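Visitor: Provided below: structure07.csv, containing CSV, C-alpha atoms.
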chain,number,residue,atom,x,y,z
A,1389,MET,CA,119.4,66.2,83.9
A,1390,SER,CA,122.5,66.2,81.8
A,1391,ALA,CA,123.6,67.8,78.6
A,1392,ASP,CA,122.3,66.3,75.3
A,1393,ALA,CA,124.9,64.1,73.7
A,1394,ASP,CA,124.8,66.0,70.4
A,1395,ASP,CA,125.3,69.4,72.0
A,1396,PRO,CA,127.7,68.8,74.9
A,1397,VAL,CA,128.9,72.4,75.6
A,1398,TRP,CA,126.7,74.6,77.8
A,1399,ASP,CA,126.7,78.4,77.3
A,1400,VAL,CA,126.7,78.9,81.1
A,1401,VAL,CA,127.2,76.5,84.0
A,1402,VAL,CA,126.3,77.7,87.4
A,1403,VAL,CA,127.7,76.0,90.5
A,1404,GLY,CA,125.4,76.2,93.6
A,1405,ALA,CA,121.7,76.6,93.7
A,1406,GLY,CA,121.3,79.1,96.5
A,1407,PRO,CA,119.8,82.6,95.9
A,1408,ALA,CA,123.0,83.7,94.0
A,1409,GLY,CA,123.2,80.7,91.8
A,1410,ALA,CA,119.5,80.5,91.1
A,1411,SER,CA,119.4,84.2,90.2
A,1412,ALA,CA,122.4,83.8,87.9
A,1413,ALA,CA,120.8,80.7,86.2
A,1414,TYR,CA,117.6,82.6,85.7
A,1415,ALA,CA,119.3,85.7,84.3
A,1416,ALA,CA,121.2,83.7,81.8
A,1417,ALA,CA,118.3,81.5,80.8
A,1418,VAL,CA,116.0,84.4,80.3
A,1419,ALA,CA,118.6,85.7,77.8
A,1420,GLY,CA,117.9,82.5,75.8
A,1421,ARG,CA,121.2,80.7,76.6
A,1422,ARG,CA,121.7,77.0,77.4
A,1423,VAL,CA,122.2,77.0,81.2
A,1424,LEU,CA,123.0,74.2,83.6
A,1425,LEU,CA,122.7,74.7,87.3
A,1426,LEU,CA,124.7,72.2,89.5
A,1427,GLU,CA,123.9,71.6,93.2
A,1428,LYS,CA,125.6,69.1,95.5
A,1429,ALA,CA,122.5,68.6,97.7
A,1430,GLU,CA,119.0,67.4,96.9
A,1431,LEU,CA,116.5,70.2,96.9
A,1432,PRO,CA,114.9,71.4,99.1
A,1433,ARG,CA,117.7,71.4,101.7
A,1434,TYR,CA,118.2,73.3,105.0
A,1435,LYS,CA,120.6,76.3,105.1
A,1436,THR,CA,121.8,78.2,108.2
A,1437,CYS,CA,120.3,81.6,107.7
A,1438,GLY,CA,118.0,84.0,109.5
A,1439,GLY,CA,115.9,84.3,106.4
A,1440,GLY,CA,115.2,88.0,106.6
A,1441,ILE,CA,114.0,89.4,103.2
A,1442,ILE,CA,114.6,93.2,103.2
A,1443,GLY,CA,113.6,95.6,100.4
A,1444,PRO,CA,116.6,95.2,98.2
A,1445,SER,CA,116.0,91.4,98.2
A,1446,ARG,CA,112.4,91.8,97.1
A,1447,ASP,CA,113.4,94.2,94.4
A,1448,ALA,CA,115.9,91.7,93.0
A,1449,LEU,CA,113.5,88.8,92.7
A,1450,PRO,CA,112.3,87.6,89.2
A,1451,PRO,CA,109.1,89.1,87.9
A,1452,GLY,CA,106.1,87.3,89.2
A,1453,PHE,CA,108.0,85.6,92.1
A,1454,ASP,CA,105.8,84.8,95.0
A,1455,LEU,CA,107.8,85.0,98.3
A,1456,PRO,CA,107.1,82.0,100.6
A,1457,LEU,CA,106.8,84.3,103.6
A,1458,ARG,CA,106.4,82.8,107.1
A,1459,ASP,CA,105.8,86.2,108.8
A,1460,ARG,CA,105.7,89.9,108.0
A,1461,VAL,CA,107.7,92.1,110.5
A,1462,HIS,CA,106.2,95.4,111.7
A,1463,ALA,CA,108.1,95.8,114.9
A,1464,VAL,CA,111.7,95.4,116.2
A,1465,THR,CA,112.7,95.1,119.8
A,1466,PHE,CA,116.3,96.2,120.4
A,1467,SER,CA,118.2,95.3,123.5
A,1468,LEU,CA,121.8,95.8,124.7
A,1469,ASN,CA,123.1,92.4,125.9
A,1470,GLY,CA,119.6,91.7,127.3
A,1471,LYS,CA,119.1,95.1,128.9
A,1472,LEU,CA,117.5,98.4,128.0
A,1473,SER,CA,114.9,96.8,125.7
A,1474,ARG,CA,112.7,99.0,123.6
A,1475,THR,CA,110.3,98.1,120.8
A,1476,ARG,CA,109.9,100.3,117.7
A,1477,ARG,CA,106.9,99.8,115.4
A,1478,SER,CA,106.0,100.6,111.9
A,1479,ARG,CA,102.6,100.8,110.1
A,1480,GLN,CA,104.3,99.5,107.0
A,1481,MET,CA,105.9,96.1,106.7
A,1482,LEU,CA,109.7,96.4,107.5
A,1483,PHE,CA,110.7,93.1,106.0
A,1484,GLY,CA,109.6,89.5,105.6
A,1485,LEU,CA,110.8,86.2,107.0
A,1486,VAL,CA,111.3,83.0,105.0
A,1487,ASN,CA,112.8,79.5,105.4
A,1488,ARG,CA,115.8,79.2,103.1
A,1489,SER,CA,114.8,75.8,102.0
A,1490,GLU,CA,111.5,77.1,100.6
A,1491,LEU,CA,113.0,80.3,99.2
A,1492,ASP,CA,115.9,78.5,97.4
A,1493,ALA,CA,113.6,75.8,95.9
A,1494,SER,CA,111.2,78.5,94.6
A,1495,LEU,CA,114.1,80.4,93.0
A,1496,VAL,CA,115.4,77.3,91.3
A,1497,GLU,CA,111.9,76.5,90.1
A,1498,HIS,CA,111.8,80.0,88.4
A,1499,ALA,CA,115.1,79.4,86.8
A,1500,VAL,CA,113.8,76.1,85.4
A,1501,LYS,CA,110.7,77.8,84.1
A,1502,ALA,CA,113.0,80.3,82.3
A,1503,GLY,CA,114.8,77.4,80.6
A,1504,ALA,CA,117.7,76.4,82.9
A,1505,ARG,CA,118.4,72.7,83.5
A,1506,VAL,CA,119.3,71.4,86.9
A,1507,ARG,CA,121.4,68.6,88.2
A,1508,THR,CA,121.4,67.9,92.0
A,1509,GLY,CA,123.4,65.5,94.0
A,1510,VAL,CA,126.6,66.3,92.2
A,1511,THR,CA,129.8,67.8,93.7
A,1512,VAL,CA,132.1,70.0,91.7
A,1513,THR,CA,135.7,69.4,92.7
A,1514,ARG,CA,137.4,72.0,90.5
A,1515,VAL,CA,137.2,73.9,87.3
A,1516,GLU,CA,139.9,73.8,84.6
A,1517,GLN,CA,140.6,76.5,81.9
A,1518,HIS,CA,143.7,74.8,80.5
A,1519,GLY,CA,144.8,71.2,79.9
A,1520,ALA,CA,143.7,68.0,78.4
A,1521,SER,CA,140.1,68.3,79.6
A,1522,VAL,CA,139.6,71.6,77.8
A,1523,PRO,CA,139.0,71.2,74.1
A,1524,ASP,CA,139.6,74.8,73.1
A,1525,ARG,CA,140.2,78.3,74.5
A,1526,ARG,CA,136.6,79.2,74.6
A,1527,SER,CA,135.7,76.3,77.0
A,1528,VAL,CA,135.9,75.7,80.7
A,1529,ALA,CA,135.9,72.1,82.2
A,1530,VAL,CA,133.8,71.7,85.3
A,1531,VAL,CA,135.0,68.5,87.0
A,1532,LEU,CA,132.5,66.5,89.0
A,1533,SER,CA,133.3,64.0,91.7
A,1534,GLY,CA,132.8,60.4,90.6
A,1535,HIS,CA,132.4,61.4,86.9
A,1536,GLU,CA,135.0,60.6,84.3
A,1537,ARG,CA,133.9,63.3,81.8
A,1538,PRO,CA,133.7,67.0,82.9
A,1539,VAL,CA,130.9,69.3,82.0
A,1540,LEU,CA,131.9,71.8,79.5
A,1541,ALA,CA,130.8,75.5,79.4
A,1542,ARG,CA,131.6,78.7,77.6
A,1543,ALA,CA,131.3,80.5,81.0
A,1544,VAL,CA,131.0,79.4,84.6
A,1545,VAL,CA,129.4,81.2,87.5
A,1546,GLY,CA,130.6,80.1,91.0
A,1547,ALA,CA,127.9,80.5,93.6
A,1548,ASP,CA,128.9,77.6,95.8
A,1549,GLY,CA,128.8,79.3,99.2
A,1550,SER,CA,131.3,80.8,101.6
A,1551,ALA,CA,133.7,77.8,101.4
A,1552,SER,CA,133.6,78.0,97.6
A,1553,ARG,CA,135.9,75.9,95.5
A,1554,ILE,CA,135.2,78.2,92.5
A,1555,GLY,CA,136.1,81.1,94.7
A,1556,ALA,CA,139.5,79.4,95.5
A,1557,HIS,CA,140.1,79.0,91.8
A,1558,VAL,CA,139.4,82.7,91.2
A,1559,GLY,CA,141.6,83.7,94.2
A,1560,VAL,CA,138.9,85.4,96.3
A,1561,LYS,CA,140.4,87.0,99.5
A,1562,MET,CA,138.5,87.6,102.7
A,1563,ASP,CA,139.1,90.3,105.3
A,1564,GLN,CA,136.3,89.6,107.8
A,1565,VAL,CA,135.2,86.2,108.9
A,1566,ASP,CA,132.5,85.7,111.5
A,1567,LEU,CA,130.9,82.7,113.2
A,1568,GLY,CA,127.1,82.4,113.3
A,1569,LEU,CA,125.3,79.9,115.5
A,1570,GLU,CA,121.6,79.3,115.1
A,1571,ALA,CA,118.8,77.1,116.4
A,1572,GLU,CA,115.4,76.4,115.0
A,1573,ILE,CA,113.1,76.1,118.0
A,1574,PRO,CA,109.6,74.8,117.7
A,1575,VAL,CA,107.3,76.6,120.2
A,1576,PRO,CA,103.7,76.3,121.4
A,1577,ALA,CA,101.1,78.5,119.8
A,1578,SER,CA,100.9,80.7,122.8
A,1579,VAL,CA,104.6,81.5,122.6
A,1580,ALA,CA,104.5,81.9,118.8
A,1581,GLU,CA,101.6,84.4,119.2
A,1582,ASP,CA,103.8,86.6,121.4
A,1583,TRP,CA,106.4,86.9,118.7
A,1584,ALA,CA,104.2,87.2,115.6
A,1585,GLY,CA,105.2,90.2,113.5
A,1586,ARG,CA,108.0,91.2,115.8
A,1587,VAL,CA,111.8,90.4,115.8
A,1588,LEU,CA,114.4,90.9,118.5
A,1589,VAL,CA,117.9,92.3,117.8
A,1590,ASP,CA,120.2,92.1,120.8
A,1591,TRP,CA,123.6,93.9,120.6
A,1592,GLY,CA,125.9,91.3,122.1
A,1593,PRO,CA,128.7,91.2,124.7
A,1594,LEU,CA,131.5,90.5,122.2
A,1595,PRO,CA,132.9,93.2,119.8
A,1596,GLY,CA,130.8,93.3,116.7
A,1597,SER,CA,128.4,90.6,118.0
A,1598,TYR,CA,124.6,90.5,118.0
A,1599,GLY,CA,121.7,88.1,118.4
A,1600,TRP,CA,118.3,87.7,116.8
A,1601,VAL,CA,114.9,86.1,117.1
A,1602,PHE,CA,113.0,85.7,113.9
A,1603,PRO,CA,109.5,84.2,114.2
A,1604,LYS,CA,108.3,81.8,111.5
A,1605,GLY,CA,104.9,80.5,112.5
A,1606,ASP,CA,105.3,77.8,115.0
A,1607,THR,CA,109.1,78.0,115.0
A,1608,LEU,CA,111.5,80.7,116.2
A,1609,THR,CA,114.9,81.1,114.5
A,1610,VAL,CA,117.3,82.1,117.2
A,1611,GLY,CA,120.9,82.9,116.5
A,1612,VAL,CA,124.0,84.9,117.4
A,1613,ILE,CA,127.1,86.0,115.4
A,1614,SER,CA,130.6,87.3,116.3
A,1615,ALA,CA,134.1,87.2,115.1
A,1616,ARG,CA,135.7,83.8,114.2
A,1617,GLY,CA,138.1,82.7,116.9
A,1618,GLU,CA,135.6,83.4,119.7
A,1619,GLY,CA,133.8,80.1,119.3
A,1620,ALA,CA,133.5,79.3,123.0
A,1621,ALA,CA,132.4,82.8,123.9
A,1622,THR,CA,129.9,82.8,121.0
A,1623,LYS,CA,128.4,79.5,122.1
A,1624,ARG,CA,128.0,80.9,125.7
A,1625,TYR,CA,126.3,84.0,124.2
A,1626,LEU,CA,123.8,81.8,122.4
A,1627,GLU,CA,123.1,79.7,125.5
A,1628,ASP,CA,122.7,82.8,127.7
A,1629,PHE,CA,120.5,84.5,125.0
A,1630,VAL,CA,118.2,81.5,124.7
A,1631,GLY,CA,118.0,81.3,128.5
A,1632,ARG,CA,117.1,85.0,128.9
A,1633,LEU,CA,114.4,84.6,126.4
A,1634,GLY,CA,112.8,81.8,128.4
A,1635,LEU,CA,113.3,79.3,125.5
A,1636,ALA,CA,115.8,76.9,127.1
A,1637,GLY,CA,113.1,74.4,127.9
A,1638,PHE,CA,112.2,73.9,124.2
A,1639,GLU,CA,114.2,71.3,122.2
A,1640,PRO,CA,115.6,72.8,118.9
A,1641,SER,CA,114.8,70.9,115.8
A,1642,VAL,CA,118.0,72.1,114.2
A,1643,SER,CA,121.2,73.5,115.7
A,1644,THR,CA,123.9,74.6,113.3
A,1645,GLY,CA,126.9,76.8,112.8
A,1646,HIS,CA,128.2,78.7,109.8
A,1647,LEU,CA,131.0,81.0,108.8
A,1648,THR,CA,130.3,84.2,107.0
A,1649,ARG,CA,133.0,85.8,105.0
A,1650,CYS,CA,133.4,89.4,103.6
A,1651,ARG,CA,135.7,90.0,100.6
A,1652,ALA,CA,138.7,92.2,100.8
A,1653,GLU,CA,138.3,95.3,98.7
A,1654,ASP,CA,140.9,94.2,96.2
A,1655,SER,CA,139.6,90.7,95.9
A,1656,PRO,CA,139.1,89.4,92.3
A,1657,LEU,CA,135.6,88.6,91.1
A,1658,SER,CA,136.7,86.6,88.0
A,1659,ARG,CA,139.4,84.6,86.4
A,1660,GLY,CA,139.3,83.9,82.7
A,1661,ARG,CA,135.8,82.7,81.8
A,1662,VAL,CA,134.9,82.1,85.5
A,1663,LEU,CA,132.9,84.6,87.6
A,1664,VAL,CA,131.9,84.4,91.3
A,1665,CYS,CA,129.0,85.9,93.1
A,1666,GLY,CA,127.2,85.9,96.4
A,1667,ASP,CA,128.9,84.2,99.4
A,1668,ALA,CA,131.4,82.6,97.0
A,1669,ALA,CA,132.7,86.1,96.2
A,1670,GLY,CA,132.5,87.3,99.8
A,1671,LEU,CA,129.6,89.7,99.0
A,1672,LEU,CA,127.5,90.5,102.0
A,1673,GLU,CA,126.9,93.5,104.3
A,1674,PRO,CA,129.7,93.6,106.8
A,1675,TRP,CA,127.8,95.2,109.7
A,1676,THR,CA,124.6,93.1,109.7
A,1677,ARG,CA,126.1,90.2,107.7
A,1678,GLU,CA,123.0,90.3,105.6
A,1679,GLY,CA,123.7,88.2,102.5
A,1680,ILE,CA,120.4,87.3,100.7
A,1681,SER,CA,120.1,90.7,98.9
A,1682,PHE,CA,123.7,90.7,98.0
A,1683,ALA,CA,123.4,87.1,96.6
A,1684,LEU,CA,120.3,87.9,94.6
A,1685,ARG,CA,121.7,91.1,93.1
A,1686,SER,CA,125.2,89.8,92.4
A,1687,GLY,CA,123.8,86.6,91.0
A,1688,ARG,CA,121.7,88.5,88.5
A,1689,LEU,CA,124.7,90.5,87.4
A,1690,ALA,CA,126.8,87.4,87.2
A,1691,GLY,CA,124.2,85.7,85.0
A,1692,GLU,CA,123.9,88.7,82.7
A,1693,TRP,CA,127.7,89.1,82.3
A,1694,ALA,CA,128.3,85.3,82.0
A,1695,VAL,CA,126.2,85.5,78.8
A,1696,ARG,CA,128.6,88.1,77.4
A,1697,VAL,CA,131.6,86.1,78.5
A,1698,ALA,CA,130.1,83.0,76.8
A,1699,GLU,CA,129.7,85.0,73.6
A,1700,ALA,CA,133.3,86.2,73.7
A,1701,ALA,CA,135.4,85.0,70.8
A,1702,ASP,CA,138.8,85.2,72.5
A,1703,ALA,CA,140.5,85.6,75.8
A,1704,VAL,CA,140.8,89.4,75.4
A,1705,ASP,CA,137.1,89.9,74.9
A,1706,ALA,CA,136.2,87.5,77.7
A,1707,ARG,CA,138.5,89.4,80.0
A,1708,SER,CA,136.9,92.7,79.1
A,1709,GLN,CA,133.4,91.3,79.8
A,1710,ALA,CA,134.6,89.9,83.2
A,1711,LEU,CA,136.1,93.3,84.1
A,1712,ASN,CA,132.8,95.0,83.3
A,1713,TYR,CA,131.1,92.5,85.7
A,1714,ALA,CA,133.5,93.4,88.4
A,1715,PHE,CA,133.0,97.1,87.8
A,1716,ALA,CA,129.2,96.7,88.0
A,1717,VAL,CA,129.5,94.9,91.3
A,1718,LYS,CA,132.0,97.3,92.9
A,1719,ALA,CA,130.0,100.4,91.7
A,1720,GLY,CA,126.9,99.2,93.5
A,1721,LEU,CA,127.4,96.5,96.1
A,1722,GLY,CA,131.0,97.4,96.7
A,1723,VAL,CA,130.0,101.0,97.7
A,1724,GLU,CA,127.4,99.5,100.1
A,1725,MET,CA,130.0,97.2,101.6
A,1726,GLY,CA,132.3,100.2,102.1
A,1727,VAL,CA,129.8,102.0,104.3
A,1728,GLY,CA,128.9,98.7,106.0
A,1729,ARG,CA,132.5,98.3,107.0
A,1730,ARG,CA,132.5,101.7,108.6
A,1731,MET,CA,129.3,101.0,110.4
A,1732,PHE,CA,130.8,97.7,111.7
A,1733,ASN,CA,133.8,99.6,113.0
A,1734,VAL,CA,131.5,102.0,114.9
A,1735,PHE,CA,129.2,99.2,116.1
A,1736,SER,CA,132.2,97.2,117.4
A,1737,ARG,CA,133.5,100.1,119.4
A,1738,ARG,CA,130.3,101.8,120.5
A,1739,PRO,CA,127.3,99.4,120.5
A,1740,GLY,CA,125.7,101.4,123.3
A,1741,MET,CA,125.7,104.5,121.3
A,1742,LEU,CA,124.1,102.7,118.3
A,1743,HIS,CA,121.5,101.3,120.6
A,1744,ALA,CA,120.7,104.7,122.1
A,1745,ALA,CA,120.3,106.2,118.6
A,1746,LEU,CA,118.0,103.5,117.3
A,1747,THR,CA,115.8,103.4,120.5
A,1748,GLY,CA,115.9,107.1,121.4
A,1749,PHE,CA,116.5,109.2,118.3
A,1750,ARG,CA,113.6,109.0,115.8
A,1751,PRO,CA,115.6,110.0,112.7
A,1752,ALA,CA,117.9,107.0,113.3
A,1753,TRP,CA,115.0,104.7,113.5
A,1754,ASN,CA,113.4,106.2,110.4
A,1755,VAL,CA,116.6,105.5,108.5
A,1756,PHE,CA,116.7,101.9,109.8
A,1757,ALA,CA,113.0,101.4,108.7
A,1758,GLN,CA,113.6,102.9,105.3
A,1759,PHE,CA,116.7,100.7,104.9
A,1760,THR,CA,114.9,97.5,105.7
A,1761,ARG,CA,112.0,98.4,103.4
A,1762,GLY,CA,114.4,99.2,100.6
A,1763,ALA,CA,113.5,102.8,100.3
A,1764,VAL,CA,117.2,103.8,100.8
A,1765,SER,CA,120.6,102.2,101.2
A,1766,LEU,CA,123.1,103.1,103.9
A,1767,ALA,CA,125.4,104.4,101.2
A,1768,GLU,CA,122.7,106.7,99.9
A,1769,VAL,CA,122.1,108.0,103.4
A,1770,VAL,CA,125.7,108.8,103.9
A,1771,ARG,CA,126.0,110.4,100.4
A,1772,THR,CA,122.9,112.6,100.6
A,1773,SER,CA,122.8,113.5,104.3
A,1774,PRO,CA,125.5,115.9,105.5
A,1775,MET,CA,124.5,115.2,109.1
A,1776,ALA,CA,124.8,111.4,108.6
A,1777,ARG,CA,128.1,111.8,106.9
A,1778,ARG,CA,129.6,114.0,109.7
A,1779,ALA,CA,128.3,111.6,112.3
A,1780,LEU,CA,129.9,108.6,110.6
A,1781,ASP,CA,133.2,110.4,110.0
A,1782,THR,CA,133.3,111.4,113.7
A,1783,LEU,CA,132.4,108.0,115.1
A,1784,ASP,CA,134.6,106.1,112.7
A,1785,ARG,CA,137.8,107.7,114.0
A,1786,PRO,CA,140.1,105.3,115.9
What does this structure look like when you write it as C-alpha cells?
Guide:
Amino acid sequence: MSADADDPVWDVVVVGAGPAGASAAYAAAVAGRRVLLLEKAELPRYKTCGGGIIGPSRDALPPGFDLPLRDRVHAVTFSLNGKLSRTRRSRQMLFGLVNRSELDASLVEHAVKAGARVRTGVTVTRVEQHGASVPDRRSVAVVLSGHERPVLARAVVGADGSASRIGAHVGVKMDQVDLGLEAEIPVPASVAEDWAGRVLVDWGPLPGSYGWVFPKGDTLTVGVISARGEGAATKRYLEDFVGRLGLAGFEPSVSTGHLTRCRAEDSPLSRGRVLVCGDAAGLLEPWTREGISFALRSGRLAGEWAVRVAEAADAVDARSQALNYAFAVKAGLGVEMGVGRRMFNVFSRRPGMLHAALTGFRPAWNVFAQFTRGAVSLAEVVRTSPMARRALDTLDRP
C-alpha cells in the first residue's frame, strides 16, 4: 500500500517489520498518527532466531496479543561443553517458544489493526534529511530502490536489523559482535516427545560461547553462538553439538548464520528526525544475546517518541524529543545491558563457575527462573541484593 496522492507525507515511517519495527508502528498508529511500515521481504519470512519469549517480551506485547507459542518451557538442562548435565524444573512456565515468522506476522497484523499501512517487497537504500529530495526542514526522505520518488515522513524509525542502513545513517557504533549458527531440524514424534517442555543450554568450548536446543513441536531449533572471528571453530562446535545430541542423522530444513551486535555505551540512538531501535540500534542483552524483548520494548519507545518528533515544529524541538527517547532507552534497557556486559565478562572467563552455581546453588537457579518469567531483571537483582552485587564485583575483576 502506498501513501494517498493528496496526502503524501506520513507522520511516521518505520523501516523493518520485525518485532522492533512492528512495535514502533503499533505504538505510533495507536496514537492516531499516519504510519507506514516498510519491509524488504514478503511476510511471513524466516528469521534466524531461537524464538525464546521471556517475561519482559510478554509484558511488552500489545494488549490482546495472542502469542503463537509452539511450546511452553518448564525445564532447563544445563551442560558444560556436553558434560556435567543437570536438569532444573519449575512448576510455573519459564518462557515460551515461537517461530519468528509467525510472531513477526502477528505483530504486523496488530499494527495494521491499529491503523498502520504496510508495504512489503521494498528495499530502503538510504534516508536523507537535507537536499533536493527533502521539501522542508520538517521532512525526511526515505529513498527506495527502483523508485524515482522517495517516501516522505515527519519522523523515521530504523528497525532494519543488525546490518541496518538506518543505523549507519545515525552512526550507531558496536562493541560486541557475535556469530550465531542455527539449524531447524525436523524430528520424529518419538524424539520430539523427549524434548517437549524442556530446553538445553550448553556452555560452550569457546570464550563466551553457548549452544541451545529449543523444541517447537516436530522441529528442534539447534544453535550455537560465539565471538565473530571464530567462524571455523563455531561451525565445529555446532557440528559436535548436533552429533552429541544424536541428531546428526536428521536433515535440517534450514541452516543459517547471523551476526548479533551490541551497541557501544556512547553510541547514538538518533540523528535529526531519525530514531533507531532493536537490532538496528545494537540493543540486546550482551550475555545471552537475547534480543526479542529489547526489540519489543525499544520499538514501543521509538514509536511513542517518533510521534513527538513528528509533531516538532523545528530542529531544536525535534532534537529535544530525540534526546528524551535516548534517555528513556538508556535509563531502562541501557542499565540492563550494563549488567549483561559484566555477566558476559564473568561467563567468558569462568563458565564452569556459572554452571556450578545454576546447577548446584538453588538461589542462583531461582534468580534465573525469575528472570526468564519476567519477575525480576538482572539489573534489579544486582541493585537490590547485596550478596549478588558483591559476587558480581568479585567475579568481574580482571
Visitor: With a distance cut-off of 7 Å and only C-alpha atoms, select the neighbouring residues of range 1678-1692 of chain A, excluding the residue or stretch itself and same-chain residues fewer than 3 positions from it, and output the selection as a list in words.
Guide: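 Once the adjacent positions are removed, what remains is Pro1407, Ala1408, Gly1409, Ser1411, Ala1412, Ala1413, Ala1415, Ala1416, Pro1444, Ser1445, Ala1448, Val1545, Leu1663, Cys1665, Gly1666, Asp1667, Leu1671, Leu1672, Glu1673, Val1695, Tyr1713 and Val1717 of chain A.
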Visitor: Kindly give the distance, in Å, that separates CA of Val1579 in chain A and CA of Lys1471 in chain A, rounded to a single decimal.
Guide: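 Taking CA of Val1579 in chain A and CA of Lys1471 in chain A, their separation equals 20.9 Å.
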Visitor: Given the point (119.4, 85.1, 116.5) in the coordinates of this file, which residues lie within 7 Å, counting all atoms listed in the file, and how would they look as a VMD selection string?
Guide: chain A and resid 1570 1599 to 1602 1609 to 1612
Visitor: Next, dump the selected residues to file, keeping only C-alpha atoms, as a short mmCIF file (atom, residue, chain, number, x, y, z; two decimals), in the coordinates of the input.
Guide:
data_model
loop_
_atom_site.label_atom_id
_atom_site.label_comp_id
_atom_site.auth_asym_id
_atom_site.auth_seq_id
_atom_site.Cartn_x
_atom_site.Cartn_y
_atom_site.Cartn_z
CA GLU A 1570 121.60 79.30 115.10
CA GLY A 1599 121.70 88.10 118.40
CA TRP A 1600 118.30 87.70 116.80
CA VAL A 1601 114.90 86.10 117.10
CA PHE A 1602 113.00 85.70 113.90
CA THR A 1609 114.90 81.10 114.50
CA VAL A 1610 117.30 82.10 117.20
CA GLY A 1611 120.90 82.90 116.50
CA VAL A 1612 124.00 84.90 117.40
#
Visitor: Determine the nearest neighbour of Val1560 in chain A from the options A:Ser1765, A:Thr1436, A:Ser1655, A:Ser1597, counting only C-alpha atoms.
Guide: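 Counting only C-alpha atoms, the residue closest to Val1560 in chain A is A:Ser1655.
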Visitor: Could you name the residues that touch range 1537-1540 of chain A at 9 Å or less, counting only C-alpha atoms, but leaving out those on the same chain fewer than 3 positions away, as a list in words?
Guide: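 In the requested format, the answer is Ser1390, Ala1391, Pro1396, Val1397, Trp1398, Asp1399, Val1400, Val1401, Val1515, Ser1521, Val1522, Pro1523, Ser1527, Val1528, Ala1529, Val1530, Val1531, Leu1532 and Ala1543 of chain A.
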Visitor: Here's a test: counting only C-alpha atoms, identify every protein, DNA and RNA residue with an atom at most 10 Å from (104.2, 95.8, 105.8) in the file's coordinate frame, and state them as an mmCIF file with C-alpha atoms, in the frame of the given file.
Guide:
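Output contents, as saved in out_36.cif:
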data_model
loop_
_atom_site.group_PDB
_atom_site.id
_atom_site.type_symbol
_atom_site.label_atom_id
_atom_site.label_comp_id
_atom_site.auth_asym_id
_atom_site.auth_seq_id
_atom_site.Cartn_x
_atom_site.Cartn_y
_atom_site.Cartn_z
ATOM 1 C CA ARG A 1460 105.700 89.900 108.000
ATOM 2 C CA VAL A 1461 107.700 92.100 110.500
ATOM 3 C CA HIS A 1462 106.200 95.400 111.700
ATOM 4 C CA ALA A 1463 108.100 95.800 114.900
ATOM 5 C CA SER A 1478 106.000 100.600 111.900
ATOM 6 C CA ARG A 1479 102.600 100.800 110.100
ATOM 7 C CA GLN A 1480 104.300 99.500 107.000
ATOM 8 C CA MET A 1481 105.900 96.100 106.700
ATOM 9 C CA LEU A 1482 109.700 96.400 107.500
ATOM 10 C CA PHE A 1483 110.700 93.100 106.000
ATOM 11 C CA GLY A 1484 109.600 89.500 105.600
ATOM 12 C CA GLY A 1585 105.200 90.200 113.500
ATOM 13 C CA ARG A 1761 112.000 98.400 103.400
#
Visitor: Rounded to one decimal in Å, what is the spacing between CA of Gly1406 in chain A and CA of Ala1547 in chain A?
Guide: 7.3 Å
Visitor: Which one is closest to Asp1654 in chain A: A:Gly1534, A:Pro1603, A:Leu1626, A:Lys1718? Count all atoms listed in the file.
Guide: A:Lys1718
Visitor: Determine, counting only C-alpha atoms, which protein, DNA and RNA residues have an atom within 8 Å of an atom of range 1588-1596 of chain A; residues of the same chain fewer than 2 positions away are not included. Present the result as number ranges by chain.
Guide: A: 1464-1470, 1586, 1598-1602, 1614-1615, 1621-1622, 1625, 1675, 1732-1733, 1735-1737, 1739, 1743
Visitor: For each of A:Arg1661, A:Lys1561, A:Arg1730, A:Arg1458, take the minimum atom-to-atom distance to Arg1707 in chain A, counting only C-alpha atoms, then give the residue where this is smallest.
Guide: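 Ranked by minimum distance to Arg1707 in chain A, first place goes to A:Arg1661.
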Visitor: Mind giving me the straight-line distance from CA of Arg1422 in chain A to CA of Asp1454 in chain A in Å, one decimal?
Guide: 25.0 Å
Visitor: Considering all atoms listed in the file, state which residue in the set A:Lys1428, A:Arg1553, A:Arg1659, A:Lys1623 is at the smallest distance from Gly1509 in chain A.
Guide: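 Going through A:Lys1428, A:Arg1553, A:Arg1659, A:Lys1623 one by one, the smallest distance to Gly1509 in chain A is for A:Lys1428.
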Visitor: So which residues touch Ala1580 in chain A within 10 Å, counting all atoms listed in the file, skipping near sequence neighbours fewer than 2 positions away, as an NGL selection string?
Guide: :A and (1574-1578 or 1582-1585 or 1603-1608)
